[in-house]
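Chemist: Structure in structure tokens, see below.
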Amino acid sequence: MPQKLYTDSKIELTPAIARHYDLIMNSISFGKYSHFIHRAVRDMNIRHGDQILDLGCGTGKNAALMSERMGANGSITGVDLSPEMEKQFLARHGGDQRITFSKQRIDIPFDLGKKYDKVLISFVIHGFPHEVREQILKNAYQHLKPGGKLMILDFAEINMEEMPWHHRFIFRTVECVYAFDYIERDWKSILKEYGFTDFGESFYFRNYARLLTAFKKKE
Ligand SMILES: C[S@@+](CC[C@H](N)C(=O)[O-])C[C@H]1O[C@@H](n2cnc3c(N)ncnc32)[C@H](O)[C@@H]1O
């Protein structure tokens, strides 16, 4: 595992957590994670031929579900910094010519030399300091075609004080300070500043999770 850059963050997973990530998510959601991801991917409206960039792609579970909808001419590029995630992603998708992996940090400027129809950032962006999130958004924007769609699947804007105490306890235990900051921000206003428009949203898990979509303006 590369050196952790953000000591207060939990998003740079330890190798042990990365190795068992899908199982852990399923356990802490009491078996509901898989159903949730199926619904969220359905709501992404993936189309045949879509070229998709998955930033912080993890084990490739989301890519597997998206690939069922993109047809023979679609493609997915998964990007992640974790060797453990790379191993799992390639084990899952190694035989599929449509799906490739790039070992790359998403919190610094980079250029994959290709523009995409859709960029997914799923349960990644909340884990960074806000100024770093801005770089991730710039990377997403730069890799989208004009009119392309950004899809942020992550926590919704949540008022922690309104959570039942046991949910608040789990959130405080599992999540890091950056996630507490993430849920308090107005993400549509932030995305507007970065040139995104035409917002859409779908909610899951008692409205704790949200798929927020927005389009890059057509130039
Ligand atoms: C919470 S997991 C989410 C994985 C996947 N997107 C999903 O929804 O199942 C966060 C992922 O972000 C990756 N990650 C964390 N920091 C990163 C960075 N700076 N650059 C690239 N990937 C990063 C981790 O390795 C991990 O795979």
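Chains: A, B, ... in order of the structure tokens. Residues: from 1 per chain. Ligands: from 1, in order shown.
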Can I get the residues of stretch 71-156 of chain A within 8 Å of stretch 172-183 of chain A, each with the closest pair of atoms and their distance in Å to one decimal, using only C-alpha atoms, sorted chain first then ascending number, as JSON lines?
Modeler:
```
{"residue": "A:His126", "atom": "CA", "partner": "A:Ala179", "partner_atom": "CA", "distance": 5.0}
{"residue": "A:Gly127", "atom": "CA", "partner": "A:Tyr178", "partner_atom": "CA", "distance": 5.4}
{"residue": "A:Phe128", "atom": "CA", "partner": "A:Tyr178", "partner_atom": "CA", "distance": 5.9}
{"residue": "A:Pro129", "atom": "CA", "partner": "A:Tyr178", "partner_atom": "CA", "distance": 5.9}
{"residue": "A:His130", "atom": "CA", "partner": "A:Tyr178", "partner_atom": "CA", "distance": 7.8}
{"residue": "A:Phe155", "atom": "CA", "partner": "A:Ile183", "partner_atom": "CA", "distance": 6.5}
{"residue": "A:Ala156", "atom": "CA", "partner": "A:Ile183", "partner_atom": "CA", "distance": 6.1}
```
Chemist: Save the residues we just selected, C-alpha atoms, as a PDB file, in the first residue's frame?
Modeler:
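After the write, selection_37.pdb holds the following:
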```
ATOM      1  CA  HIS A 126     -16.362  12.126   0.845  1.00  0.00           C
ATOM      2  CA  GLY A 127     -13.090  10.821   2.272  1.00  0.00           C
ATOM      3  CA  PHE A 128     -10.857  13.734   1.232  1.00  0.00           C
ATOM      4  CA  PRO A 129     -10.203  17.256   2.521  1.00  0.00           C
ATOM      5  CA  HIS A 130     -12.417  19.669   0.573  1.00  0.00           C
ATOM      6  CA  PHE A 155     -23.655  10.004   1.269  1.00  0.00           C
ATOM      7  CA  ALA A 156     -26.535  12.410   0.892  1.00  0.00           C
TER       8      ALA A 156
END
```
Chemist: List every residue of stretch 67-109 of chain A that DSSP, applied to the backbone, labels as strand (DSSP E), and write the result as JSON, numbers by chain.
Modeler: {"A": [75, 76, 77, 78, 79, 80, 99, 100, 101, 102, 103]}
Chemist: Can you spit out the residues from that selection as a short mmCIF file (atom, residue, chain, number, x, y, z; two decimals), in the first residue's frame, using C-alpha atoms?
Modeler:
```cif
data_model
loop_
_atom_site.label_atom_id
_atom_site.label_comp_id
_atom_site.auth_asym_id
_atom_site.auth_seq_id
_atom_site.Cartn_x
_atom_site.Cartn_y
_atom_site.Cartn_z
CA SER A 75 -16.10 0.33 -22.13
CA ILE A 76 -15.09 0.95 -18.54
CA THR A 77 -11.78 2.29 -17.27
CA GLY A 78 -11.38 1.63 -13.55
CA VAL A 79 -8.90 3.85 -11.71
CA ASP A 80 -7.59 3.11 -8.23
CA ILE A 99 -12.84 -3.25 -19.14
CA THR A 100 -9.40 -1.93 -18.22
CA PHE A 101 -7.69 -0.83 -15.03
CA SER A 102 -5.34 2.10 -14.50
CA LYS A 103 -3.29 2.36 -11.30
#
```
Chemist: Collect all residues with atoms no farther than 6 Å from ligand 1, counting only C-alpha atoms and all ligand atoms, and output them as a ChimeraX atom specification.
Modeler: /A:11-13,56-58,80-82,85,104-107,122-124
Chemist: Hey, which bits of stretch 105-214 of chain A sit within 8 Å of stretch 44-53 of chain A, and for each residue what's the closest pair of atoms and how far apart in Å (one decimal), counting only C-alpha atoms, rows by chain and increasing number, as a Markdown table?
Modeler:
```
| residue | atom | partner | partner_atom | distance |
| --- | --- | --- | --- | --- |
| A:Tyr116 | CA | A:Gln51 | CA | 5.1 |
| A:Asp117 | CA | A:Gln51 | CA | 5.3 |
| A:Lys118 | CA | A:Ile52 | CA | 4.8 |
| A:Val119 | CA | A:Leu53 | CA | 4.7 |
| A:Leu120 | CA | A:Leu53 | CA | 6.2 |
| A:Met151 | CA | A:Met44 | CA | 7.4 |
```
Chemist: What lies within 12 Å of A:Ile24 using only C-alpha atoms, ignoring chain neighbours under 6 positions off, as number ranges by chain?
Modeler: A: 16-18, 30-34, 174
Chemist: Select, from A:Arg168, A:Lys61, A:Arg185, A:Lys4, the residue with the minimum atom-to-atom distance to A:Gln88, counting only C-alpha atoms.
Modeler: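 Between A:Arg168, A:Lys61, A:Arg185, A:Lys4, the residue approaching A:Gln88 most closely is A:Lys61.
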Chemist: Determine which residues of stretch 12-114 of chain A DSSP labels as alpha helix (DSSP H) from the backbone of this structure, then write them out as a compact mmCIF listing (two decimals) with N, CA and C atoms, in the first residue's frame.
Modeler:
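Result file part_37.txt:
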```txt
# COMPACT_ATOMS: atom_id res chain seq x y z
N PRO A 15 -4.63 -2.74 3.39
CA PRO A 15 -4.72 -3.92 2.51
C PRO A 15 -5.76 -4.93 3.02
N ALA A 16 -5.85 -5.12 4.34
CA ALA A 16 -6.80 -6.11 4.87
C ALA A 16 -8.24 -5.70 4.57
N ILE A 17 -8.54 -4.42 4.76
CA ILE A 17 -9.92 -3.96 4.48
C ILE A 17 -10.19 -4.04 2.97
N ALA A 18 -9.20 -3.63 2.17
CA ALA A 18 -9.39 -3.68 0.71
C ALA A 18 -9.66 -5.12 0.26
N ARG A 19 -8.95 -6.07 0.84
CA ARG A 19 -9.08 -7.48 0.44
C ARG A 19 -10.50 -8.00 0.69
N TYR A 21 -13.27 -5.99 1.11
CA TYR A 21 -14.14 -4.81 1.05
C TYR A 21 -15.61 -5.16 0.78
N ASP A 22 -15.86 -5.98 -0.24
CA ASP A 22 -17.26 -6.28 -0.60
C ASP A 22 -17.97 -6.98 0.55
N LEU A 23 -17.25 -7.89 1.20
CA LEU A 23 -17.84 -8.63 2.32
C LEU A 23 -18.14 -7.69 3.49
N ILE A 24 -17.21 -6.77 3.76
CA ILE A 24 -17.40 -5.82 4.87
C ILE A 24 -18.63 -4.94 4.59
N MET A 25 -18.74 -4.44 3.36
CA MET A 25 -19.89 -3.57 3.03
C MET A 25 -21.20 -4.33 3.19
N ASN A 26 -21.18 -5.58 2.78
CA ASN A 26 -22.40 -6.37 2.91
C ASN A 26 -22.74 -6.60 4.38
N SER A 27 -21.71 -6.81 5.22
CA SER A 27 -21.96 -7.08 6.64
C SER A 27 -22.46 -5.82 7.36
N ILE A 28 -21.78 -4.66 7.12
CA ILE A 28 -22.22 -3.48 7.88
C ILE A 28 -23.57 -2.94 7.40
N TYR A 33 -26.29 -4.25 0.91
CA TYR A 33 -25.43 -3.45 0.01
C TYR A 33 -25.62 -3.84 -1.46
N SER A 34 -25.69 -5.14 -1.68
CA SER A 34 -25.76 -5.62 -3.06
C SER A 34 -27.05 -5.12 -3.73
N HIS A 35 -28.15 -5.22 -3.01
CA HIS A 35 -29.43 -4.76 -3.55
C HIS A 35 -29.38 -3.25 -3.85
N PHE A 36 -28.76 -2.51 -2.92
CA PHE A 36 -28.62 -1.05 -3.07
C PHE A 36 -27.83 -0.72 -4.34
N ILE A 37 -26.69 -1.40 -4.55
CA ILE A 37 -25.86 -1.10 -5.72
C ILE A 37 -26.60 -1.46 -7.02
N HIS A 38 -27.34 -2.55 -7.00
CA HIS A 38 -28.13 -2.89 -8.19
C HIS A 38 -29.10 -1.75 -8.53
N ARG A 39 -29.76 -1.23 -7.52
CA ARG A 39 -30.73 -0.14 -7.76
C ARG A 39 -30.01 1.11 -8.27
N ALA A 40 -28.89 1.43 -7.63
CA ALA A 40 -28.17 2.65 -8.01
C ALA A 40 -27.67 2.55 -9.46
N VAL A 41 -27.15 1.39 -9.84
CA VAL A 41 -26.64 1.24 -11.21
C VAL A 41 -27.81 1.31 -12.20
N ARG A 42 -28.95 0.74 -11.84
CA ARG A 42 -30.14 0.87 -12.71
C ARG A 42 -30.47 2.35 -12.92
N ASP A 43 -30.36 3.14 -11.83
CA ASP A 43 -30.72 4.56 -11.92
C ASP A 43 -29.69 5.41 -12.68
N LYS A 61 -16.88 -4.23 -8.43
CA LYS A 61 -18.28 -4.67 -8.31
C LYS A 61 -19.21 -3.74 -9.11
N ASN A 62 -19.02 -2.44 -8.95
CA ASN A 62 -19.87 -1.50 -9.69
C ASN A 62 -19.65 -1.67 -11.20
N ALA A 63 -18.39 -1.86 -11.58
CA ALA A 63 -18.07 -2.03 -13.00
C ALA A 63 -18.78 -3.27 -13.55
N ALA A 64 -18.86 -4.33 -12.75
CA ALA A 64 -19.51 -5.55 -13.21
C ALA A 64 -20.98 -5.27 -13.54
N LEU A 65 -21.64 -4.51 -12.67
CA LEU A 65 -23.06 -4.23 -12.89
C LEU A 65 -23.25 -3.26 -14.05
N MET A 66 -22.36 -2.27 -14.16
CA MET A 66 -22.48 -1.31 -15.27
C MET A 66 -22.24 -2.01 -16.60
N SER A 67 -21.30 -2.96 -16.60
CA SER A 67 -20.92 -3.62 -17.87
C SER A 67 -22.08 -4.43 -18.45
N PRO A 83 -3.08 -1.59 -4.71
CA PRO A 83 -2.70 -2.86 -5.36
C PRO A 83 -3.69 -3.98 -5.04
N GLU A 84 -4.27 -3.96 -3.82
CA GLU A 84 -5.26 -4.99 -3.46
C GLU A 84 -6.50 -4.87 -4.33
N MET A 85 -6.93 -3.63 -4.55
CA MET A 85 -8.11 -3.41 -5.40
C MET A 85 -7.79 -3.77 -6.85
N GLU A 86 -6.59 -3.43 -7.29
CA GLU A 86 -6.19 -3.77 -8.66
C GLU A 86 -6.30 -5.29 -8.87
N LYS A 87 -5.80 -6.04 -7.88
CA LYS A 87 -5.82 -7.50 -7.99
C LYS A 87 -7.27 -8.01 -8.13
N GLN A 88 -8.15 -7.49 -7.28
CA GLN A 88 -9.55 -7.96 -7.31
C GLN A 88 -10.25 -7.52 -8.59
N PHE A 89 -9.97 -6.29 -9.00
CA PHE A 89 -10.59 -5.76 -10.22
C PHE A 89 -10.19 -6.61 -11.42
N LEU A 90 -8.89 -6.92 -11.51
CA LEU A 90 -8.41 -7.70 -12.66
C LEU A 90 -8.89 -9.14 -12.59
N ALA A 91 -9.00 -9.69 -11.37
CA ALA A 91 -9.50 -11.06 -11.25
C ALA A 91 -10.94 -11.12 -11.76
N ARG A 92 -11.69 -10.07 -11.50
CA ARG A 92 -13.09 -10.03 -11.92
C ARG A 92 -13.25 -9.78 -13.42
N HIS A 93 -12.40 -8.88 -13.95
CA HIS A 93 -12.64 -8.38 -15.31
C HIS A 93 -11.53 -8.67 -16.29
```
